[in-house]
Each structure stands twice: as structure tokens, then as C-alpha cells.
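Q: The following block contains the structure, expressed as C-alpha cells.
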2 protein chains.
Amino acid sequence: MKVVALAGGVGGAKLADGIARSGLSTLTVIVNTGDDFKHFGLYISPDLDTVCYNLAGMENPESGWGRTEESWETLSEIEKLGGPAWFSLGNRDLATHLERTRRLNNGEELSQVTADFCRSWGIEATVLPMSDDLVPTVVKTNQGDLSFQDYFVKLKCEPEVDGFLYQGAEIAQPAPGVIEAIDQADLIVICPSNPWVSIAPILAIPDIRSTLMEKVVIAVSPIISGNAVKGPAAKMYLEMGIQPSAAVVADHYSDLLTGFILDKQDQALISDIELKYSDSIKVLPTNTWMKTREDRVKVAEDVINFGQTLIKEV
Amino acid sequence: MKVVALAGGVGGAKLADGIARSGLSTLTVIVNTGDDFKHFGLYISPDLDTVCYNLAGMENPESGWGRTEESWETLSEIEKLGGPAWFSLGNRDLATHLERTRRLNNGEELSQVTADFCRSWGIEATVLPMSDDLVPTVVKTNQGDLSFQDYFVKLKCEPEVDGFLYQGAEIAQPAPGVIEAIDQADLIVICPSNPWVSIAPILAIPDIRSTLMEKVVIAVSPIISGNAVKGPAAKMYLEMGIQPSAAVVADHYSDLLTGFILDKQDQALISDIELKYSDSIKVLPTNTWMKTREDRVKVAEDVINFGQTLIKEV
């Protein structure tokens, strides 16, 4: 079975890792690059790194992002020089940014560099940036338009959100392999990542969205009992006047969905969702909280089994 | 007493540190930036860093360059990614390159960044890059024209040297404070750095050279018994058809020199040098080998005492 997962940061990386470890499918992960930014002249791609570090089993198990067994001499010395320390740059993680930057500066594409890094790190899944073009997410807030990292890390998601711009998405080309992977996939999984800033940038690229329209697509809700498992998704919904729930996540992706997975805690929402979309979206409740590696595999198995049922029905 | 020292890397940094620690003078160090280069998109200024780390007492005591208590996770991870590891980038040292690059990319000048770094590191001496303009040293060799770091680090000084270019030196402006410091100095010390690639780039800037012509200048030979204390100076002289010795170092700087210091091992050369320059250059033999911090101060004291004698004579 061929699975394509769309993923952002920590939540998406966990499910992608679960799918890879389940051994039930050949996996391609298409990763959001809307968060990518330059810092100290380095090209940093936080979601790509989080996905790769998780797939390589070398992620920081506490934070979910960054590397395990990380050390911090560089950042601490930068701080002593009065430099900006708001973005965590671990010693090992820095190697990724430095070597990526060196190769991009030499004219290579992000997708090629990512493929080589995955090989070096022993990652079997195919990891593709959504695009080799820049598609920076701009967060429109009560403090003005902010670059994603300024909003997310520097200002700790404190400004109130009005909306989002996925700059350049309409003219961005999917990275090599993205459209082919979607075309050939038996199942598309929209991982439990932030709908606004992790998944929407991927879907904002016209060729990606139109290719997905033809496929069996399952989304896993990142919202459980009205709260995001991690990150500002619930806060963003609220600030834009939407009561956060698994149901509004289904709304977010409704034109694409064949199936939707929400947490058992949200079972009460199932009938509402199925009714709203006249049974065109099947909803499966399961335990979606991923604390351990075993949890990841368990959720992945539920997703793939659900997918197999849906594929037969289509 | 106001002293200006011209310095390159390790040898120059040691004597500059000795002068600073001697407490006998107010010190300004004018540092070669001909070795500066970009690597991984970072602006690296090896001689500035070596001088600063030594003046801050945080240099690696074995190598003389880089930081003490250094660790290497970043470089080791770069190597795992197949990236270039020929230039040693320690975790702590990286902070210097990253923060310098960030500030230069923001439009600040190298001299301003250096001044702020020195303040952060508790350095009392004034450290000035020779110029805020780029003056890259090109090494002309039997393997073609090479950038300095390619010659020096990547190819380990193996190519045979034909000559040097100090690109842009003739139009480079001395960094703010350089000409003023020389003007106001009682004594100029040309440190025991490589004459070809550490001192010549500084002297290739016309305004610096012409201002130095008016001053009491002492050079300390980096060549002892025909060998360089460190680095490729002797090899360079040989490849350009010159038998390396303290005497040829005196020739190198002869139009500027009031005094010249060579090692006691080279005492036999004194009369030749004094005769050749009709006593216009006074030569002092002393122990110039600097193994310990105490050695540095001892050489510095000899230099300054000799300088005081020469100043009285002028």
C-alpha cells in the first residue's frame, strides 16, 4: 500500500513516524515549508527537520523537535555576544542548517538536499518538501503582518490572529516527486498538524490541491476536546471567531476528505459531521494521543486500516 | 606609551597578548583580514578571532587558534552529512561566525562588530581589522591561483608558491581608527607573523603603509634558525627562491624599520643586517620563542624596552 502523508511539525512528524514504523505501507511525506526562514544567514526548515529527525529516531523526545542528546554551546556563546537567542539552535541541529545552506547557496534544490540528508540519516521513507520555491507563511495579527517564526517563536503566539497569507503559493511549483507520489498513492493522510499553518500552505499550492481532489484522503484531527494537542491551532480558531473542535477541522478539509479520524473523547461529534456532509465523509473515533513510539504505530495502524476500508468502498 | 601592533594569526596573537599583559602600554592591534572568507554562508575572520581569543585568554592552548574547552558536535554532524569538514568549526567558535555574519548581513561594519565582541569578551586592548573592505589574499601557485584558505587549510600549504595578490588592497580604506591609532602611537610593532600572508596584506593598503613610514617601527622575526616557528613562511620564501632567515624578514620590512628583533640563535646575522642598512636599522637579539604566557610577556617587555631606547634616539 502506498501512503502519502501531509505533515507539518511535531504532531505530523509523530504520525509519519508511526506509519513508517508500522511497516504497513510505502511512505512518502510531503512536508510544509511555509515556516522556513533565514536566521544568521542560515536556511532553516523547521518542519522538514522535525519530520526527518523523528523518522530517523533522533528527535528530542521531550520537545518533539530538535535533536536528541543535543548540546548548546553555540547558542550560549551567541547569547554572551548579545545575539538573538530566541530560536533554539542546538549544536547538532546547526549542522543541518549549515550544510543545507551551503548546498542551497551552491544552487542545489531543497528537495535534492533533503533526499541526500535522509540517506545519510538512514531514513527509508521518502521525504519531500512541498516545494523548492519559497512560500513563506505570513500571520496577519493585531500587531501587523508577521513572519511565521516571529509570530510563533519570537512572540510566542501572543498576537491575535486575523488570517494568513501563503505568499507565492499560487505560483509555486510542487517539488519534484510530489505530484507523482500523490498520483500513485492508495491513500493520502493529512497528519494531525496545525490546519492553518502546517497543512494549509501545502494545500495552497494549486497543483497539489487539484491532484489530491482525486484521491482517498483521511485527516486526523489535531484538536481533541476543543484543545490542540500542541501549538496554537485552537487559539487561532478562537481568534478568528471559530469555536475550536474536531468538527471544524473536518470543515477545514471537507472538500478533500473521504474519511476523518477524531479522538474517542470527541465521539459525540461524529453524527454531526456525518450528517453535515451527508455521509460523504466517514468518521472513525480512536485514541489519537501519541505519547510513546508505540502510540504512534497504533494510530498509524488505525489510520491505514480505516484507509483500507475506505478504498474498498470507493 | 601607546603601542600599535600589526598582527596575523597565532604568532602575532601571542605577542599582542604579551604586550597587553605586560601592562607597559596602551595597545591597539591592527589585524590582517586577507584570510577572511565565506564558508557555509558564514563570514569567517580567522586572524581577528585568533587575536581576540588570545587577548581574552580563551584560546586553545595547544593549537593557538580556536577556543579553549571547545566541543565539536556540529562539525562531526556536518561530516556525517557528507559536508566539508576541512575547516575546523568548533561549537563555541561557531557562535562568533554566526553572530558576526548576522550583523554584517544587517549592514554593520566588521570594525563595529569586532569592537562589540571585544567588549563582550572583556578585552581591554583595541582590536581593529585592517579594513572593513574585503582584501582577499590570493596565493599564486603551481596549481593555479588559490584563495588563502584553500591553500592554507584545504590543501595544507602543499602547492608551490609563486607569489601573492592582495586583491583590492590599493583601493581599500583602512578601518575607522586605524590611521588615528598609528598617528598617535609611540611605537609600532610588527608581530612575528607570516610576512607574506599576515603582514603584507596590511602593508598593501596605501594609507596604512604611508602613515607607518613616519613612525618608530620594530619588527620581530617569525623565522628562527631558518625555520618558521609555525606555518608556511619558510616554505614560501624557499619556493620563491629566497633562503629563509631572520635577515630576509628584515629585508621584507626594511623601508619601514627602526629596529629589528631576532632570536638569540640568529645573533650571527646581526652585523650583516646592520651593515646592509648602514645602521639605520638597530638589531636586538633576544629569546623570541613564546611557549608560555610568561614567555609572551617577556618578549613583549623586550620589545617595548627596545622601543623606548629607539624612541629616545630618534
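Numbering starts fresh at 1 for the residues of each chain in the C-alpha cells, the chains themselves are lettered A, B, ... in the order given, and ligands are numbered from 1 as they appear.
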Please identify every residue of chain B that has at least one atom no more than 10 Å from any atom of chain A, counting only C-alpha atoms, and report them as an MDAnalysis selection string.

A: chainID B and resid 39:43 70:84 90:106 113 116:121

Q: What's around range 258-274 of chain B at 10 Å? Count only C-alpha atoms, leave out sequence neighbours fewer than 2 positions away in its own chain, and write the answer as a PyMOL selection string.

A: chain B and resi 187-190+192+213+215-226+245-251+253-256+276-289+299+302-303+306-307+309-311+314

Q: Restricted to N, CA and C atoms, what would the selected residues look like written as a short mmCIF file (atom, residue, chain, number, x, y, z; two decimals), in the first residue's frame?

A:
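The file below, again36.cif, is the result:
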data_model
loop_
_atom_site.label_atom_id
_atom_site.label_comp_id
_atom_site.auth_asym_id
_atom_site.auth_seq_id
_atom_site.Cartn_x
_atom_site.Cartn_y
_atom_site.Cartn_z
N LEU B 187 55.05 53.75 19.32
CA LEU B 187 55.81 52.63 18.79
C LEU B 187 54.89 51.70 18.00
N ILE B 188 55.39 51.28 16.83
CA ILE B 188 54.67 50.28 16.03
C ILE B 188 55.45 48.97 16.14
N VAL B 189 54.73 47.89 16.41
CA VAL B 189 55.35 46.57 16.48
C VAL B 189 54.77 45.68 15.38
N ILE B 190 55.65 45.23 14.48
CA ILE B 190 55.22 44.23 13.51
C ILE B 190 55.46 42.87 14.16
N PRO B 192 55.55 38.78 15.10
CA PRO B 192 56.17 37.65 14.38
C PRO B 192 55.12 36.81 13.66
N MET B 213 55.31 54.93 7.61
CA MET B 213 56.64 55.43 7.22
C MET B 213 57.16 56.49 8.19
N LYS B 215 56.84 56.55 11.44
CA LYS B 215 56.85 56.10 12.83
C LYS B 215 58.10 55.29 13.20
N VAL B 216 58.27 55.12 14.51
CA VAL B 216 59.27 54.19 15.02
C VAL B 216 58.67 52.78 14.93
N VAL B 217 59.28 51.95 14.10
CA VAL B 217 58.73 50.61 13.82
C VAL B 217 59.75 49.53 14.18
N ILE B 218 59.29 48.57 14.98
CA ILE B 218 60.11 47.39 15.28
C ILE B 218 59.40 46.16 14.73
N ALA B 219 60.14 45.31 14.04
CA ALA B 219 59.57 44.02 13.65
C ALA B 219 60.24 42.91 14.46
N VAL B 220 59.46 41.88 14.77
CA VAL B 220 60.00 40.70 15.43
C VAL B 220 59.99 39.56 14.42
N SER B 221 61.13 38.92 14.23
CA SER B 221 61.23 37.88 13.20
C SER B 221 60.41 36.64 13.55
N PRO B 222 59.59 36.18 12.60
CA PRO B 222 58.89 34.90 12.82
C PRO B 222 59.76 33.72 12.38
N ILE B 223 60.93 34.04 11.83
CA ILE B 223 61.85 32.98 11.37
C ILE B 223 62.99 32.87 12.40
N ILE B 224 63.20 31.67 12.89
CA ILE B 224 64.29 31.39 13.82
C ILE B 224 65.13 30.27 13.23
N SER B 225 66.42 30.50 13.11
CA SER B 225 67.33 29.49 12.53
C SER B 225 66.83 28.98 11.19
N GLY B 226 66.28 29.86 10.40
CA GLY B 226 65.87 29.48 9.05
C GLY B 226 64.53 28.79 8.95
N SER B 245 65.48 33.27 6.41
CA SER B 245 66.29 33.61 7.58
C SER B 245 65.69 34.86 8.19
N ALA B 246 66.11 35.17 9.40
CA ALA B 246 65.67 36.42 10.01
C ALA B 246 66.09 37.61 9.13
N ALA B 247 67.24 37.47 8.46
CA ALA B 247 67.74 38.58 7.63
C ALA B 247 66.77 38.93 6.51
N VAL B 248 66.17 37.91 5.89
CA VAL B 248 65.25 38.23 4.78
C VAL B 248 63.94 38.82 5.31
N VAL B 249 63.62 38.54 6.57
CA VAL B 249 62.46 39.21 7.17
C VAL B 249 62.76 40.69 7.33
N ALA B 250 63.97 40.99 7.77
CA ALA B 250 64.37 42.40 7.88
C ALA B 250 64.32 43.07 6.51
N ASP B 251 64.76 42.35 5.46
CA ASP B 251 64.67 42.90 4.10
C ASP B 251 63.21 43.24 3.76
N TYR B 253 60.78 44.22 5.48
CA TYR B 253 60.21 45.42 6.09
C TYR B 253 61.18 46.59 6.09
N SER B 254 62.31 46.46 5.38
CA SER B 254 63.43 47.38 5.60
C SER B 254 63.07 48.85 5.47
N ASP B 255 62.17 49.19 4.54
CA ASP B 255 61.86 50.61 4.34
C ASP B 255 61.08 51.20 5.51
N LEU B 256 60.54 50.34 6.36
CA LEU B 256 59.73 50.83 7.50
C LEU B 256 60.50 50.79 8.82
N LYS B 276 74.18 46.08 6.12
CA LYS B 276 73.39 46.23 4.89
C LYS B 276 72.57 47.52 4.92
N TYR B 277 72.04 47.85 6.10
CA TYR B 277 71.19 49.05 6.18
C TYR B 277 71.91 50.20 6.87
N SER B 278 73.24 50.16 6.81
CA SER B 278 74.09 51.26 7.30
C SER B 278 73.64 51.77 8.66
N ASP B 279 73.37 50.83 9.56
CA ASP B 279 72.99 51.19 10.93
C ASP B 279 71.67 51.95 11.04
N SER B 280 70.91 52.05 9.93
CA SER B 280 69.60 52.72 10.05
C SER B 280 68.59 51.77 10.70
N ILE B 281 68.90 50.51 10.76
CA ILE B 281 68.07 49.55 11.50
C ILE B 281 68.92 48.97 12.63
N LYS B 282 68.45 49.16 13.86
CA LYS B 282 69.14 48.58 15.02
C LYS B 282 68.59 47.17 15.26
N VAL B 283 69.45 46.24 15.56
CA VAL B 283 69.02 44.85 15.74
C VAL B 283 69.26 44.39 17.17
N LEU B 284 68.20 43.83 17.76
CA LEU B 284 68.30 43.31 19.13
C LEU B 284 68.08 41.80 19.13
N PRO B 285 69.00 41.04 19.70
CA PRO B 285 68.76 39.61 19.85
C PRO B 285 68.11 39.33 21.20
N THR B 286 67.17 38.42 21.20
CA THR B 286 66.55 38.04 22.48
C THR B 286 65.93 36.65 22.31
N ASN B 287 65.33 36.14 23.40
CA ASN B 287 64.62 34.86 23.27
C ASN B 287 63.21 35.16 22.77
N THR B 288 62.92 34.77 21.54
CA THR B 288 61.62 35.15 20.96
C THR B 288 60.61 34.02 20.96
N TRP B 289 61.06 32.83 21.35
CA TRP B 289 60.16 31.67 21.35
C TRP B 289 59.12 31.84 22.46
N VAL B 299 58.85 38.56 26.02
CA VAL B 299 59.18 39.09 24.69
C VAL B 299 58.60 40.50 24.56
N ASP B 302 60.78 42.97 26.26
CA ASP B 302 61.99 43.23 25.47
C ASP B 302 61.68 44.18 24.30
N VAL B 303 60.54 43.93 23.65
CA VAL B 303 60.15 44.76 22.50
C VAL B 303 59.94 46.21 22.96
N PHE B 306 63.19 47.94 24.09
CA PHE B 306 63.96 48.26 22.89
C PHE B 306 63.33 49.47 22.19
N GLY B 307 62.02 49.47 22.13
CA GLY B 307 61.30 50.59 21.52
C GLY B 307 61.61 51.90 22.23
N THR B 309 64.25 52.73 23.88
CA THR B 309 65.61 53.15 23.51
C THR B 309 65.60 53.82 22.14
N LEU B 310 64.91 53.18 21.20
CA LEU B 310 64.89 53.71 19.83
C LEU B 310 64.19 55.06 19.76
N ILE B 311 63.08 55.20 20.53
CA ILE B 311 62.33 56.46 20.53
C ILE B 311 63.23 57.61 21.00
N VAL B 314 65.64 58.67 18.24
CA VAL B 314 65.11 59.29 17.01
C VAL B 314 65.11 60.82 17.13
#

Q: Which residues are near Glu158 in chain B? Cut-off 12 Å, only C-alpha atoms, ignore same chain within fewer than 3 positions. Put them as a PyMOL selection string.

A: chain B and resi 139+141-143+146+150-155+161+231-232+235-236+239

Q: Mind checking which residues fall within 7 Å of range 52-58 of chain B, counting only C-alpha atoms, ignoring those fewer than 5 positions away in the same chain, and posting them as number ranges by chain?

A: B: 13-14, 17, 67-68, 118, 121-123

Q: Write out, as a PDB file, in the first residue's frame, the residues just selected, with N, CA and C atoms.

A:
ATOM      1  N   ALA B  13      49.206  36.966  17.539  1.00  0.00           N
ATOM      2  CA  ALA B  13      48.265  36.998  18.664  1.00  0.00           C
ATOM      3  C   ALA B  13      49.004  36.809  19.982  1.00  0.00           C
ATOM      4  N   LYS B  14      50.014  35.940  19.981  1.00  0.00           N
ATOM      5  CA  LYS B  14      50.779  35.695  21.209  1.00  0.00           C
ATOM      6  C   LYS B  14      51.510  36.958  21.665  1.00  0.00           C
ATOM      7  N   ASP B  17      49.113  39.595  22.853  1.00  0.00           N
ATOM      8  CA  ASP B  17      48.657  39.239  24.194  1.00  0.00           C
ATOM      9  C   ASP B  17      49.731  39.565  25.238  1.00  0.00           C
ATOM     10  N   ARG B  67      38.971  28.045  20.206  1.00  0.00           N
ATOM     11  CA  ARG B  67      38.653  28.326  21.593  1.00  0.00           C
ATOM     12  C   ARG B  67      39.071  27.198  22.520  1.00  0.00           C
ATOM     13  N   THR B  68      39.346  27.556  23.744  1.00  0.00           N
ATOM     14  CA  THR B  68      39.605  26.553  24.760  1.00  0.00           C
ATOM     15  C   THR B  68      38.282  25.899  25.154  1.00  0.00           C
ATOM     16  N   CYS B 118      34.737  42.449  21.373  1.00  0.00           N
ATOM     17  CA  CYS B 118      35.828  42.625  22.341  1.00  0.00           C
ATOM     18  C   CYS B 118      35.272  43.057  23.695  1.00  0.00           C
ATOM     19  N   TRP B 121      33.775  40.124  25.393  1.00  0.00           N
ATOM     20  CA  TRP B 121      34.794  39.164  25.840  1.00  0.00           C
ATOM     21  C   TRP B 121      35.743  39.757  26.883  1.00  0.00           C
ATOM     22  N   GLY B 122      35.504  41.013  27.270  1.00  0.00           N
ATOM     23  CA  GLY B 122      36.342  41.627  28.309  1.00  0.00           C
ATOM     24  C   GLY B 122      37.753  41.967  27.860  1.00  0.00           C
ATOM     25  N   ILE B 123      37.918  42.249  26.573  1.00  0.00           N
ATOM     26  CA  ILE B 123      39.249  42.603  26.049  1.00  0.00           C
ATOM     27  C   ILE B 123      39.476  44.099  26.215  1.00  0.00           C
TER      28      ILE B 123
END

Q: Considering only C-alpha atoms, return as a list in words whatever protein or nucleic-acid residues lie within 9 Å of Leu110 in chain A, sequence-local ones (same chain, fewer than 2 positions apart) excluded.

A: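 So the residues in contact are Arg100, Arg103, Leu104, Glu108, Gln112, Val113, Thr114, Ala115, Leu128, Pro129, Ser131, Asp132, Asp133 and Ala175 of chain A.
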
Q: Go ahead and write the residues just picked, N, CA and C atoms, as a PDB file, in the first residue's frame.

A:
ATOM      1  N   ARG A 100      22.787  22.442   4.772  1.00  0.00           N
ATOM      2  CA  ARG A 100      21.701  22.775   3.843  1.00  0.00           C
ATOM      3  C   ARG A 100      21.983  24.128   3.178  1.00  0.00           C
ATOM      4  N   ARG A 103      24.708  24.023   0.539  1.00  0.00           N
ATOM      5  CA  ARG A 103      24.313  23.394  -0.719  1.00  0.00           C
ATOM      6  C   ARG A 103      23.295  24.244  -1.471  1.00  0.00           C
ATOM      7  N   LEU A 104      22.370  24.875  -0.768  1.00  0.00           N
ATOM      8  CA  LEU A 104      21.429  25.778  -1.458  1.00  0.00           C
ATOM      9  C   LEU A 104      22.185  26.950  -2.069  1.00  0.00           C
ATOM     10  N   GLU A 108      21.901  24.111  -5.403  1.00  0.00           N
ATOM     11  CA  GLU A 108      21.103  22.884  -5.347  1.00  0.00           C
ATOM     12  C   GLU A 108      19.689  23.204  -4.845  1.00  0.00           C
ATOM     13  N   GLN A 112      16.524  18.024  -3.323  1.00  0.00           N
ATOM     14  CA  GLN A 112      17.708  17.190  -3.529  1.00  0.00           C
ATOM     15  C   GLN A 112      18.508  17.078  -2.238  1.00  0.00           C
ATOM     16  N   VAL A 113      18.697  18.225  -1.590  1.00  0.00           N
ATOM     17  CA  VAL A 113      19.443  18.237  -0.325  1.00  0.00           C
ATOM     18  C   VAL A 113      18.729  17.356   0.704  1.00  0.00           C
ATOM     19  N   THR A 114      17.402  17.479   0.760  1.00  0.00           N
ATOM     20  CA  THR A 114      16.623  16.695   1.722  1.00  0.00           C
ATOM     21  C   THR A 114      16.776  15.196   1.460  1.00  0.00           C
ATOM     22  N   ALA A 115      16.730  14.825   0.184  1.00  0.00           N
ATOM     23  CA  ALA A 115      16.881  13.403  -0.164  1.00  0.00           C
ATOM     24  C   ALA A 115      18.236  12.876   0.305  1.00  0.00           C
ATOM     25  N   LEU A 128       9.669  14.737   1.094  1.00  0.00           N
ATOM     26  CA  LEU A 128       9.693  15.787   0.069  1.00  0.00           C
ATOM     27  C   LEU A 128       9.225  17.109   0.661  1.00  0.00           C
ATOM     28  N   PRO A 129       9.974  18.167   0.454  1.00  0.00           N
ATOM     29  CA  PRO A 129       9.406  19.477   0.778  1.00  0.00           C
ATOM     30  C   PRO A 129       8.235  19.704  -0.171  1.00  0.00           C
ATOM     31  N   SER A 131       7.542  22.202  -1.826  1.00  0.00           N
ATOM     32  CA  SER A 131       8.006  22.946  -2.996  1.00  0.00           C
ATOM     33  C   SER A 131       9.464  23.327  -2.796  1.00  0.00           C
ATOM     34  N   ASP A 132      10.190  23.464  -3.898  1.00  0.00           N
ATOM     35  CA  ASP A 132      11.532  24.044  -3.816  1.00  0.00           C
ATOM     36  C   ASP A 132      11.468  25.568  -3.887  1.00  0.00           C
ATOM     37  N   ASP A 133      10.279  26.094  -4.157  1.00  0.00           N
ATOM     38  CA  ASP A 133      10.099  27.552  -4.166  1.00  0.00           C
ATOM     39  C   ASP A 133       9.796  28.038  -2.754  1.00  0.00           C
ATOM     40  N   ALA A 175       7.461  20.384  -5.389  1.00  0.00           N
ATOM     41  CA  ALA A 175       8.821  19.842  -5.549  1.00  0.00           C
ATOM     42  C   ALA A 175       8.764  18.591  -6.426  1.00  0.00           C
TER      43      ALA A 175
END

Q: Run DSSP on the backbone and grab whatever in range 55-302 of chain A lands in alpha helix (DSSP H); send it over as a ChimeraX atom specification.

A: /A:55,73-80,91-105,110-120,148-149,178-184,200-203,206-212,233-239,246-253,270-276,293-302

Q: Which residues, written as an MDAnalysis selection string, have at least one atom at most 10 Å from Met130 in chain A, with only C-alpha atoms counted and residues fewer than 3 positions away on the same chain left out?

A: chainID A and resid 6:7 29:34 48 110:111 127 133:135 172:179 201:203 205 208
